[in-house]
$ cat coords.cif   # mmCIF, C-alpha atoms
data_data
#
loop_
_atom_site.label_atom_id
_atom_site.label_comp_id
_atom_site.auth_asym_id
_atom_site.auth_seq_id
_atom_site.Cartn_x
_atom_site.Cartn_y
_atom_site.Cartn_z
CA MET H 424 199.37 -6.73 104.71
CA GLN H 425 202.95 -6.39 105.89
CA ILE H 426 203.42 -3.87 108.70
CA TRP H 427 206.74 -2.08 109.07
CA ALA H 428 207.47 0.13 112.09
CA VAL H 429 210.09 2.82 111.48
CA ALA H 430 211.44 3.81 114.88
CA ASN H 431 214.39 5.02 116.91
CA GLN H 432 214.47 6.41 120.43
CA LYS H 433 216.78 9.17 119.18
CA GLY H 434 215.43 12.04 117.13
CA GLY H 435 216.90 13.50 113.96
CA VAL H 436 218.02 10.20 112.44
CA GLY H 437 215.78 10.24 109.35
CA LYS H 438 212.72 8.28 110.49
CA THR H 439 210.18 10.34 108.56
CA THR H 440 212.36 10.53 105.45
CA THR H 441 212.83 6.74 105.62
CA THR H 442 209.09 6.15 105.98
CA LEU H 443 208.35 8.49 103.09
CA ALA H 444 211.06 7.18 100.76
CA LEU H 445 210.32 3.49 101.32
CA GLY H 446 206.55 4.01 101.11
CA ALA H 447 206.79 6.04 97.91
CA ARG H 448 209.09 3.48 96.31
CA LEU H 449 206.79 0.58 97.25
CA ALA H 450 203.82 2.44 95.75
CA ALA H 451 205.75 3.29 92.59
CA ASP H 452 206.55 -0.41 92.22
CA GLY H 453 202.84 -1.27 92.33
CA ALA H 454 202.13 -1.98 96.02
CA ARG H 455 199.15 -0.49 97.87
CA VAL H 456 200.71 1.46 100.74
CA LEU H 457 199.28 3.05 103.87
CA LEU H 458 201.48 5.43 105.86
CA ILE H 459 200.46 6.11 109.47
CA ASP H 460 201.88 9.15 111.25
CA LEU H 461 202.13 8.39 114.98
CA ASP H 462 204.34 11.36 115.85
CA PRO H 463 202.75 14.40 117.58
CA HIS H 464 205.06 16.62 115.51
CA ALA H 465 203.26 15.30 112.40
CA SER H 466 206.27 15.80 110.10
CA LEU H 467 205.08 13.03 107.77
CA THR H 468 201.68 14.73 107.52
CA ARG H 469 203.32 18.03 106.56
CA CYS H 470 205.18 16.23 103.77
CA PHE H 471 201.82 15.73 102.07
CA GLY H 472 200.88 19.38 102.48
CA LEU H 473 198.04 18.70 104.92
CA PRO H 474 197.15 21.42 107.43
CA THR H 475 198.08 20.91 111.06
CA ASP H 476 196.02 23.82 112.45
CA PRO H 477 193.29 22.82 112.58
CA PRO H 478 194.49 19.25 112.22
CA PRO H 479 192.66 16.69 110.10
CA VAL H 480 191.22 13.58 111.69
CA GLY H 481 193.94 11.00 111.95
CA SER H 482 195.81 8.56 114.12
CA ALA H 483 194.80 10.18 117.43
CA GLN H 484 191.23 9.03 116.77
CA LEU H 485 192.42 5.40 116.91
CA PHE H 486 192.74 5.95 120.67
CA ASP H 487 189.26 7.41 121.21
CA ASP H 488 186.67 5.58 123.27
CA PRO H 489 185.28 4.04 121.14
CA PRO H 490 187.99 4.33 118.45
CA GLN H 491 187.05 5.81 115.11
CA PRO H 492 187.29 3.22 112.31
CA LEU H 493 190.62 3.35 110.51
CA ARG H 494 188.89 3.53 107.14
CA GLU H 495 187.39 6.91 108.09
CA LEU H 496 190.82 8.34 108.93
CA VAL H 497 192.60 7.55 105.66
CA HIS H 498 193.59 10.49 103.47
CA HIS H 499 193.88 9.51 99.81
CA SER H 500 196.89 11.40 98.49
CA GLU H 501 197.52 12.62 94.97
CA TYR H 502 200.13 9.87 94.60
CA GLU H 503 198.77 6.63 93.19
CA ARG H 504 198.49 3.74 95.66
CA LEU H 505 199.90 5.86 98.51
CA ASP H 506 197.54 6.81 101.36
CA LEU H 507 198.09 8.49 104.72
CA VAL H 508 196.59 8.52 108.19
CA PRO H 509 197.67 11.97 109.46
CA GLY H 510 199.32 12.71 112.77
CA GLN H 511 198.14 15.40 115.18
CA ALA H 512 199.47 17.29 118.20
CA ALA H 513 196.77 15.50 120.25
CA LEU H 514 198.94 12.36 120.13
CA ALA H 515 201.10 14.00 122.79
CA VAL H 516 198.45 13.32 125.47
CA MET H 517 198.19 9.59 124.78
CA GLU H 518 200.68 8.77 127.53
CA LYS H 519 198.42 10.37 130.14
CA ARG H 520 195.33 8.75 128.62
CA SER H 521 196.92 5.29 128.70
CA ALA H 522 197.29 5.52 132.48
CA THR H 523 193.50 5.27 132.88
CA ARG H 524 192.66 3.29 129.74
CA PRO H 525 194.06 -0.27 129.78
CA GLY H 526 194.45 -1.93 126.41
CA LEU H 527 195.56 1.13 124.43
CA GLY H 528 198.80 -0.65 123.55
CA LEU H 529 196.99 -2.68 120.88
CA ALA H 530 194.90 0.10 119.33
CA VAL H 531 196.94 0.33 116.11
CA LYS H 532 197.20 -3.44 115.67
CA THR H 533 193.44 -3.81 116.06
CA ALA H 534 192.75 -0.99 113.61
CA LEU H 535 195.08 -2.40 110.95
CA ALA H 536 193.46 -5.83 111.22
CA SER H 537 190.21 -4.25 110.01
CA MET H 538 191.86 -3.31 106.68
CA GLN H 539 194.13 -6.31 106.30
CA ASP H 540 193.15 -6.99 102.68
CA GLU H 541 193.05 -3.38 101.44
CA TYR H 542 196.78 -2.62 101.52
CA ASP H 543 199.95 -4.57 100.81
CA TYR H 544 202.06 -2.54 103.25
CA ALA H 545 201.51 -0.26 106.22
CA LEU H 546 204.47 1.86 107.35
CA LEU H 547 204.29 3.38 110.83
CA ASP H 548 206.28 6.56 111.50
CA CYS H 549 206.98 6.61 115.25
CA PRO H 550 207.85 9.39 117.69
CA PRO H 551 211.41 9.37 119.10
CA THR H 552 210.30 8.35 122.60
CA LEU H 553 209.48 5.02 124.20
CA GLY H 554 205.82 5.25 125.17
CA VAL H 555 202.38 4.04 124.25
CA LEU H 556 202.66 5.22 120.63
CA MET H 557 205.91 3.39 119.93
CA VAL H 558 204.67 0.34 121.83
CA ASN H 559 201.57 0.33 119.61
CA ALA H 560 203.73 0.33 116.49
CA LEU H 561 206.03 -2.42 117.72
CA ALA H 562 203.12 -4.57 118.89
CA ALA H 563 201.57 -4.34 115.43
CA ALA H 564 204.73 -4.66 113.33
CA ASP H 565 205.96 -7.61 111.29
CA ARG H 566 209.39 -5.97 111.26
CA LEU H 567 211.20 -3.04 112.81
CA ILE H 568 213.29 -0.71 110.66
CA ILE H 569 215.72 1.44 112.67
CA PRO H 570 217.22 4.38 110.77
CA THR H 571 220.30 5.61 112.60
CA GLN H 572 222.97 8.22 111.94
CA THR H 573 226.55 7.05 111.62
CA ASP H 574 227.48 9.29 114.50
CA PRO H 575 229.00 8.20 117.86
CA LEU H 576 226.10 9.63 119.90
CA ALA H 577 223.58 7.77 117.74
CA LEU H 578 225.00 4.40 118.81
CA HIS H 579 223.49 4.78 122.28
CA GLY H 580 220.03 5.41 120.83
CA LEU H 581 220.43 2.42 118.53
CA ASP H 582 221.41 0.10 121.37
CA GLY H 583 218.42 1.29 123.38
CA MET H 584 216.07 0.72 120.45
CA VAL H 585 217.38 -2.81 119.91
CA ARG H 586 216.85 -3.58 123.61
CA THR H 587 213.32 -2.20 123.40
CA ALA H 588 212.61 -4.43 120.39
CA ALA H 589 213.82 -7.46 122.34
CA MET H 590 211.57 -6.53 125.26
CA ILE H 591 208.52 -6.17 122.99
CA GLU H 592 209.40 -9.43 121.26
CA ARG H 593 209.35 -11.27 124.58
CA SER H 594 206.09 -9.67 125.70
CA ARG H 595 204.22 -10.45 122.49
CA GLY H 596 205.58 -14.00 122.26
CA GLY H 597 206.58 -13.77 118.61
CA PRO H 598 209.54 -12.62 116.53
CA LEU H 599 210.14 -8.97 115.69
CA PRO H 600 212.90 -8.92 113.06
CA VAL H 601 215.14 -5.86 113.28
CA PHE H 602 216.72 -4.11 110.28
CA ILE H 603 219.15 -1.24 110.79
CA LEU H 604 219.61 1.43 108.10
CA PRO H 605 222.69 3.66 108.47
CA THR H 606 221.49 7.14 107.48
CA LEU H 607 222.86 10.66 107.00
CA HIS H 608 226.29 9.17 106.35
CA ASP H 609 229.08 11.58 105.52
CA ARG H 610 231.85 9.59 103.86
CA ARG H 611 234.26 12.49 104.33
CA THR H 612 234.43 12.16 108.13
CA ARG H 613 236.51 9.74 110.12
CA ALA H 614 233.87 9.61 112.86
CA GLY H 615 231.25 8.44 110.35
CA ALA H 616 233.44 5.63 109.06
CA GLU H 617 234.42 4.49 112.55
CA THR H 618 230.83 4.58 113.81
CA LEU H 619 229.64 2.53 110.83
CA THR H 620 232.34 -0.09 111.55
CA GLN H 621 231.30 -0.26 115.21
CA MET H 622 227.65 -0.57 114.26
CA GLN H 623 228.33 -3.46 111.91
CA ALA H 624 230.59 -5.21 114.41
CA HIS H 625 228.06 -4.92 117.22
CA HIS H 626 224.83 -5.68 115.36
CA GLY H 627 226.07 -7.90 112.54
CA LYS H 628 223.63 -8.93 109.83
CA LYS H 629 220.92 -6.68 111.22
CA VAL H 630 222.80 -3.78 109.61
CA TRP H 631 222.42 -3.03 105.91
CA ASP H 632 225.81 -3.34 104.20
CA ASP H 633 225.43 0.04 102.48
CA VAL H 634 224.44 3.52 103.69
CA ILE H 635 221.99 6.32 103.01
CA PRO H 636 224.31 9.22 102.21
CA LEU H 637 223.96 12.76 103.45
CA ASP H 638 221.94 14.30 100.61
CA THR H 639 220.18 17.65 100.91
CA ARG H 640 217.69 16.64 98.21
CA LEU H 641 216.10 14.26 100.71
CA ARG H 642 214.76 17.33 102.55
CA ASP H 643 212.44 18.00 99.61
CA ALA H 644 209.34 15.87 100.34
CA ALA H 645 207.85 16.49 96.90
CA LEU H 646 211.03 15.17 95.30
CA VAL H 647 211.09 12.09 97.54
CA LEU H 648 207.47 11.36 96.65
CA SER H 649 207.72 11.87 92.91
CA ALA H 650 211.30 11.39 91.70
CA PRO H 651 212.70 8.17 90.28
CA PRO H 652 215.43 6.68 92.51
CA VAL H 653 218.15 7.70 90.06
CA ASP H 654 218.67 10.65 87.75
CA ARG H 655 217.20 13.78 89.37
CA GLY H 656 216.37 11.91 92.57
CA GLY H 657 220.07 11.84 93.45
CA LYS H 658 222.20 9.49 95.51
CA GLY H 659 219.92 9.54 98.54
CA LEU H 660 216.85 8.18 96.77
CA ALA H 661 218.95 5.68 94.82
CA ALA H 662 220.27 4.40 98.15
CA TYR H 663 216.74 4.07 99.55
CA ALA H 664 215.75 2.08 96.46
CA SER H 665 218.63 -0.31 97.17
CA ALA H 666 217.71 -0.49 100.85
CA LEU H 667 214.17 -1.43 99.90
CA GLN H 668 215.44 -4.31 97.78
CA TRP H 669 217.43 -5.54 100.79
CA LEU H 670 214.32 -5.43 102.96
CA LEU H 671 212.19 -7.19 100.34
CA GLN H 672 214.81 -9.89 99.86
CA HIS H 673 214.62 -10.70 103.58
CA GLU H 674 210.84 -10.68 103.34
CA ARG H 675 210.92 -13.21 100.50
CA GLN H 676 213.33 -15.42 102.42
CA GLN H 677 211.05 -15.31 105.46
CA VAL H 678 208.04 -16.34 103.36
CA ALA H 679 210.01 -19.14 101.71
CA ALA H 680 211.10 -20.46 105.12
#
$ encode --input "coords.cif" --output "structure tokens"
Amino acid sequence: MQIWAVANQKGGVGKTTTTLALGARLAADGARVLLIDLDPHASLTRCFGLPTDPPPVGSAQLFDDPPQPLRELVHHSEYERLDLVPGQAALAVMEKRSATRPGLGLAVKTALASMQDEYDYALLDCPPTLGVLMVNALAAADRLIIPTQTDPLALHGLDGMVRTAAMIERSRGGPLPVFILPTLHDRRTRAGAETLTQMQAHHGKKVWDDVIPLDTRLRDAALVLSAPPVDRGGKGLAAYASALQWLLQHERQQVAA
């Protein structure tokens, strides 16, 4: 199982859309995919039409004492090979709980190890704050995908996220490859073009050499889950399909090395 964390310390950059689009494309291409919603806002969970009041069992139960087995928390969606562990508002209290419960930083990694052979990919949708939930995702991840707007204010969040990744990499004693996806790009604006140039200059090969364009069709979760990457899926989904090929190419190169 390959584990991808989708994270950024800034909100509104397309983390959930990125998780959904990449996961759906992987599943459509034949991979067994598990999506894990680690955000208390549970936006990814809503994309699948699951209720949030009352919430289903989900990722919060990974932090129980003792934790509930991951297998019991998986929701089998109507989309073939695409499963979900829902998020819940209860995730918001994990920070307080971690103060009295040492070892919670590895809860997700431990849970995923129990289902190592049952999925090809696990994608972790993280909250936009540095805390125990994001640390869990980064501790478990084989790679970090950072969606980021091509907007001047987003550069600060990106720099902070890259520094966080470096800190986690040092603490876990192993590499955490970083891949940056420019999202919500408006080619009509000068600020967008200048920000993209700065991003590429500062972060080099970590940055994908294309962009996810601003595309209102990406707001339609049902379309993201079911549409082909071209035709009625529009430019946004076609771009995510290309981004996935970039990520998989790096994965193949890593295996070959």
$ resolve_selection --input "coords.cif" --expression "the PyMOL selection byres ((chain H and resi 641-648) around 8)" --output "list in words"
Thr440, Leu443, Ala444, Ala447, Cys470, Phe471, Tyr502, Asp638, Thr639, Arg640, Ser649, Ala650, Gly656, Gly659 and Leu660 of chain H
$ resolve_selection --input "coords.cif" --expression "the PyMOL selection byres ((chain H and resi 550) around 10)" --output "mmCIF file with C-alpha atoms, in the coordinates of the input"
data_model
loop_
_atom_site.group_PDB
_atom_site.id
_atom_site.type_symbol
_atom_site.label_atom_id
_atom_site.label_comp_id
_atom_site.auth_asym_id
_atom_site.auth_seq_id
_atom_site.Cartn_x
_atom_site.Cartn_y
_atom_site.Cartn_z
ATOM 1 C CA VAL H 429 210.090 2.820 111.480
ATOM 2 C CA ALA H 430 211.440 3.810 114.880
ATOM 3 C CA ASN H 431 214.390 5.020 116.910
ATOM 4 C CA GLN H 432 214.470 6.410 120.430
ATOM 5 C CA LYS H 433 216.780 9.170 119.180
ATOM 6 C CA GLY H 434 215.430 12.040 117.130
ATOM 7 C CA LYS H 438 212.720 8.280 110.490
ATOM 8 C CA THR H 439 210.180 10.340 108.560
ATOM 9 C CA ASP H 460 201.880 9.150 111.250
ATOM 10 C CA LEU H 461 202.130 8.390 114.980
ATOM 11 C CA ASP H 462 204.340 11.360 115.850
ATOM 12 C CA PRO H 463 202.750 14.400 117.580
ATOM 13 C CA HIS H 464 205.060 16.620 115.510
ATOM 14 C CA ALA H 465 203.260 15.300 112.400
ATOM 15 C CA LEU H 514 198.940 12.360 120.130
ATOM 16 C CA ALA H 515 201.100 14.000 122.790
ATOM 17 C CA LEU H 547 204.290 3.380 110.830
ATOM 18 C CA ASP H 548 206.280 6.560 111.500
ATOM 19 C CA CYS H 549 206.980 6.610 115.250
ATOM 20 C CA PRO H 551 211.410 9.370 119.100
ATOM 21 C CA THR H 552 210.300 8.350 122.600
ATOM 22 C CA LEU H 553 209.480 5.020 124.200
ATOM 23 C CA GLY H 554 205.820 5.250 125.170
ATOM 24 C CA LEU H 556 202.660 5.220 120.630
ATOM 25 C CA MET H 557 205.910 3.390 119.930
#
$ resolve_selection --input "coords.cif" --expression "the PyMOL selection byres ((chain H and resi 597-608) around 6)" --output "ChimeraX atom specification"
/H:566-573,592,595-596,609,629-631,634-637
$ atom_distance --input "coords.cif" --atom1 "atom CA of Leu493 of chain H" --atom2 "atom CA of Met424 of chain H"
14.6 Å
$ residues_around --input "coords.cif" --residues "Arg520 of chain H" --least-positions-apart "2" --cutoff "12 Å" --atoms "all atoms listed in the file" --output "list in words"
Ala483, Phe486, Asp487, Asp488, Ala513, Leu514, Ala515, Val516, Met517, Glu518, Ala522, Thr523, Arg524, Pro525, Gly526, Leu527, Gly528, Gly554, Val555 and Leu556 of chain H
$ axis_aligned_box --input "coords.cif" --around "segment 492-500 of chain H" --padding-each-side "6 Å" --output "JSON"
{"center_x": 192.1, "center_y": 7.3, "center_z": 105.4, "size_x": 21.6, "size_y": 20.2, "size_z": 25.8}
$ closest_residue --input "coords.cif" --among "H:Val480, H:Leu473, H:Ala536, H:Val456" --to "Leu505 of chain H" --atoms "all atoms listed in the file"
H:Val456
$ atom_distance --input "coords.cif" --atom1 "atom CA of Ser537 of chain H" --atom2 "atom CA of Asp565 of chain H"
16.2 Å
$ atom_distance --input "coords.cif" --atom1 "atom CA of Thr587 of chain H" --atom2 "atom CA of Ala560 of chain H"
12.1 Å
$ closest_residue --input "coords.cif" --among "H:Gln677, H:Gln668, H:Gln484, H:Ser594" --to "Leu561 of chain H" --atoms "only C-alpha atoms"
H:Ser594
$ closest_residue --input "coords.cif" --among "H:Leu467, H:Asp543, H:Met622, H:Leu449" --to "Gly437 of chain H" --atoms "only C-alpha atoms"
H:Leu467
$ residues_around --input "coords.cif" --residues "Leu457 of chain H" --least-positions-apart "6" --cutoff "12 Å" --atoms "only C-alpha atoms" --output "short mmCIF file (atom, residue, chain, number, x, y, z; two decimals) with C-alpha atoms, in the coordinates of the input"
data_model
loop_
_atom_site.label_atom_id
_atom_site.label_comp_id
_atom_site.auth_asym_id
_atom_site.auth_seq_id
_atom_site.Cartn_x
_atom_site.Cartn_y
_atom_site.Cartn_z
CA MET H 424 199.37 -6.73 104.71
CA GLN H 425 202.95 -6.39 105.89
CA ILE H 426 203.42 -3.87 108.70
CA TRP H 427 206.74 -2.08 109.07
CA ALA H 428 207.47 0.13 112.09
CA THR H 442 209.09 6.15 105.98
CA LEU H 443 208.35 8.49 103.09
CA LEU H 445 210.32 3.49 101.32
CA GLY H 446 206.55 4.01 101.11
CA ALA H 447 206.79 6.04 97.91
CA LEU H 449 206.79 0.58 97.25
CA ALA H 450 203.82 2.44 95.75
CA LEU H 493 190.62 3.35 110.51
CA ARG H 494 188.89 3.53 107.14
CA LEU H 496 190.82 8.34 108.93
CA VAL H 497 192.60 7.55 105.66
CA HIS H 498 193.59 10.49 103.47
CA HIS H 499 193.88 9.51 99.81
CA SER H 500 196.89 11.40 98.49
CA TYR H 502 200.13 9.87 94.60
CA GLU H 503 198.77 6.63 93.19
CA ARG H 504 198.49 3.74 95.66
CA LEU H 505 199.90 5.86 98.51
CA ASP H 506 197.54 6.81 101.36
CA LEU H 507 198.09 8.49 104.72
CA VAL H 508 196.59 8.52 108.19
CA PRO H 509 197.67 11.97 109.46
CA LEU H 535 195.08 -2.40 110.95
CA MET H 538 191.86 -3.31 106.68
CA GLN H 539 194.13 -6.31 106.30
CA ASP H 540 193.15 -6.99 102.68
CA GLU H 541 193.05 -3.38 101.44
CA TYR H 542 196.78 -2.62 101.52
CA ASP H 543 199.95 -4.57 100.81
CA TYR H 544 202.06 -2.54 103.25
CA ALA H 545 201.51 -0.26 106.22
CA LEU H 546 204.47 1.86 107.35
CA LEU H 547 204.29 3.38 110.83
CA ASP H 548 206.28 6.56 111.50
#
$ decode --input "coords.cif" --residues "segment 439-451 of chain H" --atoms "all heavy atoms" --output "compact mmCIF listing (two decimals), in the first residue's frame"
# COMPACT_ATOMS: atom_id res chain seq x y z
N THR H 439 -9.34 18.80 -0.39
CA THR H 439 -10.37 17.76 -0.51
C THR H 439 -10.63 17.42 -1.97
O THR H 439 -10.75 16.24 -2.33
CB THR H 439 -11.67 18.21 0.18
OG1 THR H 439 -11.42 18.36 1.58
CG2 THR H 439 -12.78 17.19 -0.01
N THR H 440 -10.71 18.43 -2.83
CA THR H 440 -10.91 18.17 -4.26
C THR H 440 -9.75 17.34 -4.82
O THR H 440 -9.95 16.43 -5.62
CB THR H 440 -11.03 19.49 -5.03
OG1 THR H 440 -12.15 20.22 -4.53
CG2 THR H 440 -11.22 19.24 -6.52
N THR H 441 -8.53 17.66 -4.39
CA THR H 441 -7.35 16.91 -4.85
C THR H 441 -7.42 15.46 -4.38
O THR H 441 -7.17 14.53 -5.16
CB THR H 441 -6.07 17.59 -4.34
OG1 THR H 441 -5.98 18.90 -4.92
CG2 THR H 441 -4.84 16.78 -4.71
N THR H 442 -7.76 15.25 -3.12
CA THR H 442 -7.88 13.89 -2.59
C THR H 442 -8.93 13.11 -3.37
O THR H 442 -8.71 11.95 -3.77
CB THR H 442 -8.28 13.93 -1.10
OG1 THR H 442 -7.33 14.71 -0.37
CG2 THR H 442 -8.33 12.52 -0.51
N LEU H 443 -10.07 13.75 -3.59
CA LEU H 443 -11.18 13.09 -4.29
C LEU H 443 -10.81 12.78 -5.74
O LEU H 443 -11.04 11.67 -6.23
CB LEU H 443 -12.41 13.99 -4.23
CG LEU H 443 -13.76 13.37 -4.58
CD1 LEU H 443 -14.14 12.32 -3.56
CD2 LEU H 443 -14.82 14.47 -4.66
N ALA H 444 -10.26 13.76 -6.44
CA ALA H 444 -9.96 13.59 -7.86
C ALA H 444 -8.87 12.54 -8.08
O ALA H 444 -8.98 11.67 -8.97
CB ALA H 444 -9.54 14.92 -8.47
N LEU H 445 -7.80 12.58 -7.30
CA LEU H 445 -6.74 11.61 -7.46
C LEU H 445 -7.21 10.21 -7.07
O LEU H 445 -6.90 9.22 -7.75
CB LEU H 445 -5.51 12.01 -6.62
CG LEU H 445 -4.80 13.29 -7.03
CD1 LEU H 445 -3.63 13.56 -6.07
CD2 LEU H 445 -4.29 13.23 -8.47
N GLY H 446 -7.96 10.12 -5.96
CA GLY H 446 -8.46 8.82 -5.53
C GLY H 446 -9.40 8.20 -6.54
O GLY H 446 -9.31 7.01 -6.85
N ALA H 447 -10.32 9.01 -7.07
CA ALA H 447 -11.28 8.50 -8.06
C ALA H 447 -10.58 8.06 -9.33
O ALA H 447 -10.93 7.04 -9.93
CB ALA H 447 -12.32 9.58 -8.37
N ARG H 448 -9.55 8.80 -9.74
CA ARG H 448 -8.83 8.44 -10.96
C ARG H 448 -8.04 7.15 -10.76
O ARG H 448 -7.99 6.28 -11.64
CB ARG H 448 -7.89 9.58 -11.35
CG ARG H 448 -7.28 9.47 -12.72
CD ARG H 448 -8.32 9.66 -13.78
NE ARG H 448 -8.52 8.43 -14.54
CZ ARG H 448 -9.63 8.14 -15.20
NH1 ARG H 448 -10.64 8.97 -15.17
NH2 ARG H 448 -9.74 7.04 -15.87
N LEU H 449 -7.40 7.01 -9.60
CA LEU H 449 -6.67 5.77 -9.30
C LEU H 449 -7.61 4.57 -9.34
O LEU H 449 -7.29 3.52 -9.91
CB LEU H 449 -6.00 5.87 -7.92
CG LEU H 449 -4.72 6.68 -7.83
CD1 LEU H 449 -4.39 6.98 -6.37
CD2 LEU H 449 -3.55 5.95 -8.49
N ALA H 450 -8.79 4.72 -8.72
CA ALA H 450 -9.77 3.62 -8.69
C ALA H 450 -10.27 3.31 -10.09
O ALA H 450 -10.42 2.14 -10.46
CB ALA H 450 -10.93 3.99 -7.76
N ALA H 451 -10.52 4.34 -10.89
CA ALA H 451 -10.99 4.12 -12.26
C ALA H 451 -9.95 3.39 -13.09
O ALA H 451 -10.29 2.65 -14.02
CB ALA H 451 -11.34 5.46 -12.91
